[in-house]
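Q: This structure is in structure tokens; I'll ask about it shortly.
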Amino acid sequence: MIREIEIFVIGGGPAGLSAALAAASTGAHVLLCERDEEPGGQLVKQTHKFFGSEKQYAGERGIFIAKKLAEEAYQQENIEILTEATVLGIYEDGIVTVLKDGKHLKFHPRKIIVSTGAAEKFLAFPNNDLPGIYGAGAVQTLMNVSGIKPAERVVMVGAGNIGLIVSYQLLQAGVEVACVVEAAPRIGGYLVHASKLARAGVPIKTGWTVKEAYGNGKLEGVILVQLDENWAPIPGTEVDVPCDTLCLAVGLTPLSDLLFQADCHMEYVRELSGSVPVTDENLMTSVEGIYACGDVSGIEEASSAMVEGRLAGFAAAASLGYDVERASREVASARAELDELRSGPMGARIRAGLEKVNEKRGEATC
């Protein structure tokens, strides 16, 4: 049996929830599919307060934003939410297949919004498979979702926002943070997050990386090494740091497998952290009726993901004829918000990546 659906949203993180709420507010009927036990995505473990504007939940903590968005979605009569449901594929005939409760479900949506988020990158070094070496997201989940103290003494690799924020949350959980290590010559995250660590006495070692890890059956320490201006290890600078946990916050990469399978025009864009879809100004891909928003289109902050979700949701609903005049206003407003979020020095990388994507639009075939 194949169910007919108006708008199918794949992924219930900040982008997906925002897309579903936006589309449903016009009167469109939405099915949101989330592989985890509850919607919210990465927000469910983010205890720090958000920046941005009031419309982007500035001053609120991610865990409360997730709860607010999910509760609002569950209250909407024209939003159906499937949890613990994994989308297996998007096929040429427009069928979307889902694995739910051991059953293989088939849907035929008129529009699809892909908001599958991102996955953590890893780092290659000797003994990187020792127990005690985790991605920052896994450590954050242990602390903030499961309530488990993940370590006693941690070395954090990566001084972007994720590395800095999770380091501070580790301190709050009673974990000693030996140091934060960053290969680049300067930190990549916001100064406000780095300042919290500095006040707590946590050293941030820029221009350093992990040479190797060691331990007998589990992590017991790491050897750090300083890098020169060409990112090559400097002999004789090695430092031994005992620790029971090494936390890797070395970036995210878009989870774009479904978009590849749907034969969307994809491009590798370094500034956006991986292979991303070439989309138009409404976030529609080269395949008619398939939209992409959030980290699957390039790694940014959750604030941007929520705005992109609204844009895609309203655009998809308008293409079906729902409340076209209002939806068009909301789409224009979302574009303006994104421009504001991406302005200034911190948005330079994203702007450069989006320029590359825009250059490829003419090559995408619809």
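The way I read the labels, and the way they are meant: chains A, B, ... in the order of the structure tokens, residue 1 as the first residue of every chain, and ligand 1 as the first ligand shown, with later ones counted on from there.
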Using only C-alpha atoms, which protein or nucleic acid residues come within 9 Å of Leu311 of chain A? Drop anything in the same chain fewer than 6 positions from it, and give the result as a PyMOL selection string.

A: chain A and resi 18-19+22+282-283+293+327+330-335

Q: When DSSP works through the backbone of this structure, what residues of segment 113-210 of chain A end up as helix (DSSP H, G or I), shown as a PyMOL selection string?

A: chain A and resi 136-144+161-172+191-199

Q: List every residue of segment 124-335 of chain A that DSSP, applied to the backbone of this structure, assigns to strand (DSSP E or B), and report them as an MDAnalysis selection string.

A: chainID A and resid 133:135 153:157 176:182 204:206 208:214 221:227 233 239:242 245:248 252:254 266:269 274:277 284 290:292

Q: Any idea what the distance is between atom CA of Val98 of chain A and atom CA of Val276 of chain A?

A: 22.7 Å

Q: Using only C-alpha atoms, which residues of segment 33-149 of chain A come within 8 Å of segment 161-178 of chain A, and what is the closest atom pair for each, with the distance in Å to one decimal? Give it as a tab-separated table, sorted by chain and residue number.

A:
residue	atom	partner	partner_atom	distance
A:His48	CA	A:Ile165	CA	7.5
A:Ala136	CA	A:Val166	CA	6.9
A:Gln140	CA	A:Val166	CA	6.5
A:Met143	CA	A:Ala173	CA	7.4
A:Lys149	CA	A:Ala173	CA	6.6

Q: Find the residue from A:Glu308, A:Glu34, A:Glu92, A:Asp240 that sits nearest to Glu288 of chain A; use only C-alpha atoms when measuring.

A: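 The shortest atom-to-atom distance to Glu288 of chain A comes from A:Glu92.
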